[in-house]
Amino acid sequence: MRLLVLGGTEFVGRAVVTAALERGWEVTVFHRGRGRAPAGARSLHGDRTVPDGLAALAADGGSWDAVVDTWSAQPRAVLNAARLLRDRAGRYVYVSSRSVYAWPRGSLSGATEDAPLVEGAAADAEHTEYAQDKRGGELAAVETFGADGSLLVRAGLILGPHENIGRLPWWLTRIGRGGPVLAPGPRDLPLQYIDARDLAEWILGAVEQRLSGPYDLVSPSGHTTMGELLDECVRATGAAAELRWTEPQVILDAGIEPWTQLPVWTPPGTDLHDGVHRSDVSRAVAAGLVCRPVRETVADTWRWLTDIGGTAPQRPDRPVVGLAPDVEAAVLAGRQA
């Protein structure tokens, strides 16, 4: 198989490139040159945000069985790439997001790919909001490659080595420091996430099956729990950390923001939790989704984080996550933050 990955040097794109190379596929990576593509991939350089930014891709003249595009900003970039590649690729895989579903998400507990969507930005629009941009990217892919030639991968929470959002790296770094750790309860809170490597394997399998249309890509709800995730962080780091499980209302009363200040965590019984951690992914499972144990995701992420010196890369277009030490200490001491 011949695969073109637009991106491919950082997190999800890198996982796709690595998995394809391991399968013996011929892989071309189109990227800005800020990072280095995995060894074995052929690189083309260009910046999709500037005039003539696709020139190297246009001049290359290659053709591919499929294109994987992880773009997260203005839909126009997806549209331009898709139009350029329309007659040179068999399938367009757009890595979208479950953020394209409309709020409030309380109705999304157990929801499938048929749930209501946000109104997407126009396919030729400039940058707007994340959810609208991702939906606009979907529209651009479908407009160009058609419903049968486009695959919309609506990923949920993505974790694993090379994460550049900072969620699991923050927990590992915090727990690695040791001492009392504010652990947001309840321990048995069900979580949904997808390891980037499992996401990549599913995408490649979907390309081989010539799948099309939308698929939600996260683990089944309850694949792990908040307790298991943090226990594995303690195990992986080997730190002398004490998880102090704290009731959700105590955390909320302290003004702490779920999901951002305490990454991954969302309070049970809320729209946020139902929308992020309780969706029905049976369609993806039927199409071959297999999720590795949380222990493997955590341990491998800690190993990678240690290998690069302990500081995870941070995407400039995403907010920094995590809880300030003084706020954590105040809540643990029983004071308002």
# chains A, B, ... in the order shown; residues from 1 in each chain; ligands from 1
$ residues_around --residues "Met226 in chain A" --least-positions-apart "2" --cutoff "6 Å" --atoms "only C-alpha atoms" --output "PDB file with all heavy atoms, in the first residue's frame"
ATOM      1  N   ARG A 187     -13.157   6.809  42.404  1.00  0.00           N
ATOM      2  CA  ARG A 187     -12.125   5.935  41.836  1.00  0.00           C
ATOM      3  C   ARG A 187     -12.646   5.128  40.659  1.00  0.00           C
ATOM      4  O   ARG A 187     -11.922   4.855  39.702  1.00  0.00           O
ATOM      5  CB  ARG A 187     -11.617   4.950  42.898  1.00  0.00           C
ATOM      6  CG  ARG A 187     -10.567   5.483  43.843  1.00  0.00           C
ATOM      7  CD  ARG A 187     -10.070   4.345  44.736  1.00  0.00           C
ATOM      8  NE  ARG A 187      -9.514   3.275  43.913  1.00  0.00           N
ATOM      9  CZ  ARG A 187      -8.219   3.149  43.622  1.00  0.00           C
ATOM     10  NH1 ARG A 187      -7.355   4.023  44.096  1.00  0.00           N
ATOM     11  NH2 ARG A 187      -7.801   2.161  42.876  1.00  0.00           N
ATOM     12  N   LEU A 189     -14.785   5.890  38.402  1.00  0.00           N
ATOM     13  CA  LEU A 189     -15.328   6.703  37.320  1.00  0.00           C
ATOM     14  C   LEU A 189     -14.895   6.117  35.975  1.00  0.00           C
ATOM     15  O   LEU A 189     -13.704   6.010  35.687  1.00  0.00           O
ATOM     16  CB  LEU A 189     -14.814   8.136  37.451  1.00  0.00           C
ATOM     17  CG  LEU A 189     -15.388   9.152  36.460  1.00  0.00           C
ATOM     18  CD1 LEU A 189     -16.830   9.482  36.801  1.00  0.00           C
ATOM     19  CD2 LEU A 189     -14.541  10.429  36.462  1.00  0.00           C
ATOM     20  N   GLU A 228      -7.826   3.290  38.083  1.00  0.00           N
ATOM     21  CA  GLU A 228      -6.833   2.471  37.401  1.00  0.00           C
ATOM     22  C   GLU A 228      -5.795   3.335  36.701  1.00  0.00           C
ATOM     23  O   GLU A 228      -4.595   3.014  36.732  1.00  0.00           O
ATOM     24  CB  GLU A 228      -7.537   1.557  36.394  1.00  0.00           C
ATOM     25  CG  GLU A 228      -8.368   0.463  37.036  1.00  0.00           C
ATOM     26  CD  GLU A 228      -9.246  -0.268  36.039  1.00  0.00           C
ATOM     27  OE1 GLU A 228      -9.379   0.217  34.883  1.00  0.00           O
ATOM     28  OE2 GLU A 228      -9.789  -1.326  36.412  1.00  0.00           O
ATOM     29  N   LEU A 229      -6.241   4.423  36.071  1.00  0.00           N
ATOM     30  CA  LEU A 229      -5.307   5.297  35.369  1.00  0.00           C
ATOM     31  C   LEU A 229      -4.259   5.863  36.319  1.00  0.00           C
ATOM     32  O   LEU A 229      -3.049   5.810  36.046  1.00  0.00           O
ATOM     33  CB  LEU A 229      -6.067   6.437  34.686  1.00  0.00           C
ATOM     34  CG  LEU A 229      -5.201   7.457  33.944  1.00  0.00           C
ATOM     35  CD1 LEU A 229      -4.590   6.843  32.689  1.00  0.00           C
ATOM     36  CD2 LEU A 229      -6.018   8.698  33.575  1.00  0.00           C
TER      37      LEU A 229
END
$ residues_around --residues "Ala59 in chain A" --least-positions-apart "3" --cutoff "12 Å" --atoms "only C-alpha atoms" --output "VMD selection string"
chain A and resid 44 to 46 52 to 56 62 to 63 84 to 85
$ residues_around --residues "range 309-326 of chain A" --least-positions-apart "3" --cutoff "8 Å" --atoms "only C-alpha atoms" --output "PDB file with N, CA and C atoms, in the first residue's frame"
ATOM      1  N   HIS A 162       4.417  10.445  22.779  1.00  0.00           N
ATOM      2  CA  HIS A 162       4.475  11.593  21.863  1.00  0.00           C
ATOM      3  C   HIS A 162       3.286  12.528  22.018  1.00  0.00           C
ATOM      4  N   GLU A 163       2.508  12.372  23.078  1.00  0.00           N
ATOM      5  CA  GLU A 163       1.364  13.272  23.274  1.00  0.00           C
ATOM      6  C   GLU A 163       1.846  14.715  23.382  1.00  0.00           C
ATOM      7  N   ASN A 164       1.243  15.603  22.606  1.00  0.00           N
ATOM      8  CA  ASN A 164       1.647  17.012  22.623  1.00  0.00           C
ATOM      9  C   ASN A 164       0.535  17.941  23.129  1.00  0.00           C
ATOM     10  N   ILE A 165      -0.427  17.355  23.841  1.00  0.00           N
ATOM     11  CA  ILE A 165      -1.462  18.145  24.508  1.00  0.00           C
ATOM     12  C   ILE A 165      -1.126  18.293  25.985  1.00  0.00           C
ATOM     13  N   GLY A 166      -0.546  17.245  26.581  1.00  0.00           N
ATOM     14  CA  GLY A 166      -0.035  17.343  27.938  1.00  0.00           C
ATOM     15  C   GLY A 166      -0.872  16.693  29.012  1.00  0.00           C
ATOM     16  N   ARG A 167      -1.916  15.958  28.651  1.00  0.00           N
ATOM     17  CA  ARG A 167      -2.824  15.430  29.679  1.00  0.00           C
ATOM     18  C   ARG A 167      -2.175  14.307  30.492  1.00  0.00           C
ATOM     19  N   PRO A 169       0.966  13.227  30.233  1.00  0.00           N
ATOM     20  CA  PRO A 169       2.263  13.683  30.745  1.00  0.00           C
ATOM     21  C   PRO A 169       2.137  14.518  32.019  1.00  0.00           C
ATOM     22  N   TRP A 170       1.074  15.325  32.139  1.00  0.00           N
ATOM     23  CA  TRP A 170       0.930  16.115  33.364  1.00  0.00           C
ATOM     24  C   TRP A 170       0.720  15.208  34.565  1.00  0.00           C
ATOM     25  N   THR A 173       3.999  13.448  35.422  1.00  0.00           N
ATOM     26  CA  THR A 173       4.969  14.359  36.018  1.00  0.00           C
ATOM     27  C   THR A 173       4.573  14.720  37.442  1.00  0.00           C
ATOM     28  N   THR A 260      -9.427  20.475  32.146  1.00  0.00           N
ATOM     29  CA  THR A 260      -8.254  21.299  31.861  1.00  0.00           C
ATOM     30  C   THR A 260      -7.302  21.344  33.050  1.00  0.00           C
ATOM     31  N   GLN A 261      -7.795  21.738  34.230  1.00  0.00           N
ATOM     32  CA  GLN A 261      -6.910  21.793  35.395  1.00  0.00           C
ATOM     33  C   GLN A 261      -6.648  20.403  35.978  1.00  0.00           C
ATOM     34  N   LEU A 262      -7.618  19.521  35.849  1.00  0.00           N
ATOM     35  CA  LEU A 262      -7.415  18.116  36.205  1.00  0.00           C
ATOM     36  C   LEU A 262      -7.662  17.308  34.937  1.00  0.00           C
ATOM     37  N   PRO A 263      -6.633  17.129  34.117  1.00  0.00           N
ATOM     38  CA  PRO A 263      -6.796  16.517  32.803  1.00  0.00           C
ATOM     39  C   PRO A 263      -7.451  15.137  32.870  1.00  0.00           C
ATOM     40  N   LEU A 305       8.554   9.845  27.987  1.00  0.00           N
ATOM     41  CA  LEU A 305       8.743  11.119  28.665  1.00  0.00           C
ATOM     42  C   LEU A 305      10.111  11.166  29.344  1.00  0.00           C
ATOM     43  N   THR A 306      10.498  10.077  29.938  1.00  0.00           N
ATOM     44  CA  THR A 306      11.807   9.998  30.587  1.00  0.00           C
ATOM     45  C   THR A 306      12.936  10.101  29.561  1.00  0.00           C
ATOM     46  N   ALA A 329      -2.534  22.150  46.942  1.00  0.00           N
ATOM     47  CA  ALA A 329      -2.216  22.111  48.377  1.00  0.00           C
ATOM     48  C   ALA A 329      -3.364  22.675  49.200  1.00  0.00           C
ATOM     49  N   ALA A 330      -4.002  23.735  48.713  1.00  0.00           N
ATOM     50  CA  ALA A 330      -5.106  24.352  49.452  1.00  0.00           C
ATOM     51  C   ALA A 330      -6.280  23.382  49.577  1.00  0.00           C
ATOM     52  N   ALA A 337      -9.546  27.085  47.349  1.00  0.00           N
ATOM     53  CA  ALA A 337      -8.403  27.466  46.501  1.00  0.00           C
ATOM     54  C   ALA A 337      -8.489  28.937  46.146  1.00  0.00           C
TER      55      ALA A 337
END
$ residues_around --residues "Ser212 in chain A" --least-positions-apart "2" --cutoff "10 Å" --atoms "only C-alpha atoms" --output "mmCIF file with N, CA and C atoms, in the first residue's frame"
data_model
loop_
_atom_site.group_PDB
_atom_site.id
_atom_site.type_symbol
_atom_site.label_atom_id
_atom_site.label_comp_id
_atom_site.auth_asym_id
_atom_site.auth_seq_id
_atom_site.Cartn_x
_atom_site.Cartn_y
_atom_site.Cartn_z
ATOM 1 N N ARG A 91 -8.442 7.290 -1.460
ATOM 2 C CA ARG A 91 -9.319 7.513 -0.303
ATOM 3 C C ARG A 91 -8.736 8.643 0.538
ATOM 4 N N TYR A 92 -9.616 9.461 1.113
ATOM 5 C CA TYR A 92 -9.182 10.563 1.973
ATOM 6 C C TYR A 92 -9.660 10.287 3.393
ATOM 7 N N VAL A 93 -8.704 10.088 4.296
ATOM 8 C CA VAL A 93 -9.015 9.830 5.707
ATOM 9 C C VAL A 93 -8.767 11.107 6.487
ATOM 10 N N VAL A 142 -15.515 15.316 2.334
ATOM 11 C CA VAL A 142 -16.657 14.683 1.673
ATOM 12 C C VAL A 142 -16.997 15.400 0.367
ATOM 13 N N GLY A 146 -16.212 12.638 -1.991
ATOM 14 C CA GLY A 146 -17.501 11.969 -1.961
ATOM 15 C C GLY A 146 -17.684 11.146 -0.706
ATOM 16 N N ALA A 147 -18.930 10.768 -0.431
ATOM 17 C CA ALA A 147 -19.229 10.004 0.776
ATOM 18 C C ALA A 147 -18.555 8.636 0.764
ATOM 19 N N ASP A 148 -18.410 8.040 -0.416
ATOM 20 C CA ASP A 148 -17.816 6.711 -0.492
ATOM 21 C C ASP A 148 -16.290 6.730 -0.492
ATOM 22 N N GLY A 149 -15.701 7.884 -0.778
ATOM 23 C CA GLY A 149 -14.248 7.963 -0.853
ATOM 24 C C GLY A 149 -13.603 8.652 0.318
ATOM 25 N N SER A 150 -14.403 9.018 1.330
ATOM 26 C CA SER A 150 -13.857 9.713 2.497
ATOM 27 C C SER A 150 -14.199 8.952 3.769
ATOM 28 N N LEU A 151 -13.259 8.948 4.686
ATOM 29 C CA LEU A 151 -13.421 8.303 5.984
ATOM 30 C C LEU A 151 -13.211 9.352 7.065
ATOM 31 N N LEU A 152 -14.195 9.540 7.937
ATOM 32 C CA LEU A 152 -14.148 10.562 8.978
ATOM 33 C C LEU A 152 -13.918 9.877 10.317
ATOM 34 N N VAL A 153 -12.732 10.051 10.859
ATOM 35 C CA VAL A 153 -12.330 9.381 12.098
ATOM 36 C C VAL A 153 -12.517 10.367 13.250
ATOM 37 N N ALA A 206 -8.858 0.226 8.447
ATOM 38 C CA ALA A 206 -10.007 0.793 7.745
ATOM 39 C C ALA A 206 -9.673 1.101 6.296
ATOM 40 N N VAL A 207 -8.443 1.554 6.045
ATOM 41 C CA VAL A 207 -8.004 1.798 4.671
ATOM 42 C C VAL A 207 -8.003 0.482 3.890
ATOM 43 N N GLN A 209 -9.828 -2.084 4.446
ATOM 44 C CA GLN A 209 -11.214 -2.504 4.245
ATOM 45 C C GLN A 209 -12.007 -1.552 3.362
ATOM 46 N N ARG A 210 -11.393 -0.431 2.987
ATOM 47 C CA ARG A 210 -12.036 0.589 2.176
ATOM 48 C C ARG A 210 -13.311 1.113 2.850
ATOM 49 N N PRO A 214 -18.513 8.216 8.869
ATOM 50 C CA PRO A 214 -17.997 8.582 10.191
ATOM 51 C C PRO A 214 -17.884 7.397 11.147
ATOM 52 N N TYR A 215 -16.827 7.410 11.954
ATOM 53 C CA TYR A 215 -16.617 6.426 13.011
ATOM 54 C C TYR A 215 -16.105 7.148 14.251
#
$ select_by_dssp --residues "range 94-238 of chain A" --states "helix (DSSP H, G or I)" --output "PyMOL selection string"
chain A and resi 98-100+106-108+130-149+167-176+196-209+226-237
$ atom_distance --atom1 "CA of Ala240 in chain A" --atom2 "CA of Leu332 in chain A"
16.9 Å
$ closest_residue --among "A:Leu3, A:Leu159, A:Val95, A:Val78" --to "Glu296 in chain A" --atoms "only C-alpha atoms"
A:Leu159
$ closest_residue --among "A:Pro267, A:Gly40, A:Gly156, A:Pro293" --to "Arg23 in chain A" --atoms "only C-alpha atoms"
A:Gly40
$ residues_around --residues "Thr49 in chain A" --least-positions-apart "4" --cutoff "12 Å" --atoms "only C-alpha atoms" --output "mmCIF file with N, CA, C and O atoms, in the first residue's frame"
data_model
loop_
_atom_site.group_PDB
_atom_site.id
_atom_site.type_symbol
_atom_site.label_atom_id
_atom_site.label_comp_id
_atom_site.auth_asym_id
_atom_site.auth_seq_id
_atom_site.Cartn_x
_atom_site.Cartn_y
_atom_site.Cartn_z
ATOM 1 N N HIS A 31 5.101 17.671 5.419
ATOM 2 C CA HIS A 31 5.110 18.422 6.681
ATOM 3 C C HIS A 31 5.968 19.673 6.527
ATOM 4 O O HIS A 31 6.623 19.879 5.497
ATOM 5 N N ARG A 32 5.939 20.508 7.572
ATOM 6 C CA ARG A 32 6.614 21.802 7.497
ATOM 7 C C ARG A 32 8.111 21.729 7.744
ATOM 8 O O ARG A 32 8.823 22.710 7.591
ATOM 9 N N GLY A 53 1.756 26.871 -0.581
ATOM 10 C CA GLY A 53 2.312 25.985 0.440
ATOM 11 C C GLY A 53 2.280 24.516 0.068
ATOM 12 O O GLY A 53 2.986 23.707 0.670
ATOM 13 N N LEU A 54 1.466 24.154 -0.932
ATOM 14 C CA LEU A 54 1.376 22.767 -1.381
ATOM 15 C C LEU A 54 2.229 22.507 -2.621
ATOM 16 O O LEU A 54 2.095 21.463 -3.262
ATOM 17 N N TRP A 71 -5.258 17.586 10.117
ATOM 18 C CA TRP A 71 -5.345 19.046 10.261
ATOM 19 C C TRP A 71 -6.439 19.462 11.243
ATOM 20 O O TRP A 71 -7.538 18.917 11.242
ATOM 21 N N SER A 72 -6.130 20.505 12.068
ATOM 22 C CA SER A 72 -7.065 20.945 13.102
ATOM 23 C C SER A 72 -7.452 22.415 13.020
ATOM 24 O O SER A 72 -8.152 22.903 13.905
ATOM 25 N N ALA A 73 -7.016 23.119 12.019
ATOM 26 C CA ALA A 73 -7.324 24.547 11.945
ATOM 27 C C ALA A 73 -8.276 24.805 10.780
ATOM 28 O O ALA A 73 -9.230 24.077 10.587
ATOM 29 N N GLN A 74 -8.020 25.856 10.004
ATOM 30 C CA GLN A 74 -8.993 26.289 9.008
ATOM 31 C C GLN A 74 -9.317 25.189 8.003
ATOM 32 O O GLN A 74 -8.434 24.543 7.454
ATOM 33 N N PRO A 75 -10.629 24.981 7.751
ATOM 34 C CA PRO A 75 -11.046 23.947 6.795
ATOM 35 C C PRO A 75 -10.483 24.170 5.394
ATOM 36 O O PRO A 75 -10.315 23.207 4.636
ATOM 37 N N ARG A 76 -10.189 25.407 5.049
ATOM 38 C CA ARG A 76 -9.668 25.689 3.713
ATOM 39 C C ARG A 76 -8.423 24.854 3.402
ATOM 40 O O ARG A 76 -8.212 24.435 2.254
ATOM 41 N N ALA A 77 -7.597 24.601 4.422
ATOM 42 C CA ALA A 77 -6.382 23.817 4.197
ATOM 43 C C ALA A 77 -6.717 22.387 3.807
ATOM 44 O O ALA A 77 -6.019 21.778 2.986
ATOM 45 N N VAL A 78 -7.764 21.835 4.401
ATOM 46 C CA VAL A 78 -8.203 20.484 4.034
ATOM 47 C C VAL A 78 -8.752 20.492 2.608
ATOM 48 O O VAL A 78 -8.448 19.611 1.797
ATOM 49 N N ASN A 80 -8.105 22.542 0.119
ATOM 50 C CA ASN A 80 -7.058 22.727 -0.884
ATOM 51 C C ASN A 80 -6.269 21.446 -1.114
ATOM 52 O O ASN A 80 -5.953 21.082 -2.257
ATOM 53 N N ALA A 81 -5.929 20.760 -0.024
ATOM 54 C CA ALA A 81 -5.177 19.512 -0.165
ATOM 55 C C ALA A 81 -6.019 18.445 -0.855
ATOM 56 O O ALA A 81 -5.537 17.721 -1.737
ATOM 57 N N GLU A 126 -11.789 30.261 6.716
ATOM 58 C CA GLU A 126 -10.576 30.442 7.505
ATOM 59 C C GLU A 126 -10.845 29.921 8.917
ATOM 60 O O GLU A 126 -11.921 29.404 9.214
ATOM 61 N N HIS A 127 -9.876 30.061 9.814
ATOM 62 C CA HIS A 127 -9.977 29.522 11.165
ATOM 63 C C HIS A 127 -11.136 30.136 11.948
ATOM 64 O O HIS A 127 -11.333 31.339 11.948
#
$ atom_distance --atom1 "CA of Asp114 in chain A" --atom2 "CA of Pro268 in chain A"
23.6 Å
$ residues_around --residues "Gln132 in chain A" --least-positions-apart "2" --cutoff "12 Å" --atoms "only C-alpha atoms" --output "PyMOL selection string"
chain A and resi 72-75+96-102+117-123+125-130+134-139
$ atom_distance --atom1 "CA of Gly110 in chain A" --atom2 "CA of Gly275 in chain A"
8.9 Å
$ closest_residue --among "A:Leu21, A:Leu6, A:Val181, A:Ile308" --to "Ala239 in chain A" --atoms "only C-alpha atoms"
A:Val181
$ residues_around --residues "Ala111 in chain A" --least-positions-apart "6" --cutoff "9 Å" --atoms "only C-alpha atoms" --output "list in words"
Gly275, Arg278, Ser279, Asp280 and Val281 of chain A
$ write_last_selection --atoms "all heavy atoms" --output "PDB file, in the first residue's frame"
ATOM      1  N   GLY A 275     -20.687  13.220  27.591  1.00  0.00           N
ATOM      2  CA  GLY A 275     -20.235  13.486  26.235  1.00  0.00           C
ATOM      3  C   GLY A 275     -18.852  12.973  25.944  1.00  0.00           C
ATOM      4  O   GLY A 275     -18.545  12.571  24.815  1.00  0.00           O
ATOM      5  N   ARG A 278     -18.881   8.434  27.750  1.00  0.00           N
ATOM      6  CA  ARG A 278     -19.961   7.448  27.764  1.00  0.00           C
ATOM      7  C   ARG A 278     -20.612   7.252  26.387  1.00  0.00           C
ATOM      8  O   ARG A 278     -21.823   7.050  26.283  1.00  0.00           O
ATOM      9  CB  ARG A 278     -21.020   7.842  28.797  1.00  0.00           C
ATOM     10  CG  ARG A 278     -20.500   7.867  30.231  1.00  0.00           C
ATOM     11  CD  ARG A 278     -21.626   8.056  31.230  1.00  0.00           C
ATOM     12  NE  ARG A 278     -22.546   6.933  31.251  1.00  0.00           N
ATOM     13  CZ  ARG A 278     -22.366   5.821  31.958  1.00  0.00           C
ATOM     14  NH1 ARG A 278     -21.268   5.675  32.701  1.00  0.00           N
ATOM     15  NH2 ARG A 278     -23.247   4.856  31.932  1.00  0.00           N
ATOM     16  N   SER A 279     -19.849   7.294  25.339  1.00  0.00           N
ATOM     17  CA  SER A 279     -20.430   7.110  24.006  1.00  0.00           C
ATOM     18  C   SER A 279     -20.381   5.639  23.583  1.00  0.00           C
ATOM     19  O   SER A 279     -19.629   4.828  24.129  1.00  0.00           O
ATOM     20  CB  SER A 279     -19.694   7.971  22.985  1.00  0.00           C
ATOM     21  OG  SER A 279     -18.381   7.493  22.801  1.00  0.00           O
ATOM     22  N   ASP A 280     -21.195   5.311  22.606  1.00  0.00           N
ATOM     23  CA  ASP A 280     -21.280   3.959  22.056  1.00  0.00           C
ATOM     24  C   ASP A 280     -20.327   3.876  20.856  1.00  0.00           C
ATOM     25  O   ASP A 280     -20.512   4.579  19.863  1.00  0.00           O
ATOM     26  CB  ASP A 280     -22.721   3.699  21.618  1.00  0.00           C
ATOM     27  CG  ASP A 280     -22.928   2.306  21.019  1.00  0.00           C
ATOM     28  OD1 ASP A 280     -21.931   1.623  20.702  1.00  0.00           O
ATOM     29  OD2 ASP A 280     -24.095   1.909  20.855  1.00  0.00           O
ATOM     30  N   VAL A 281     -19.324   3.031  20.957  1.00  0.00           N
ATOM     31  CA  VAL A 281     -18.347   2.907  19.869  1.00  0.00           C
ATOM     32  C   VAL A 281     -18.409   1.527  19.220  1.00  0.00           C
ATOM     33  O   VAL A 281     -17.427   1.045  18.679  1.00  0.00           O
ATOM     34  CB  VAL A 281     -16.913   3.206  20.367  1.00  0.00           C
ATOM     35  CG1 VAL A 281     -16.782   4.661  20.758  1.00  0.00           C
ATOM     36  CG2 VAL A 281     -16.533   2.289  21.523  1.00  0.00           C
TER      37      VAL A 281
END
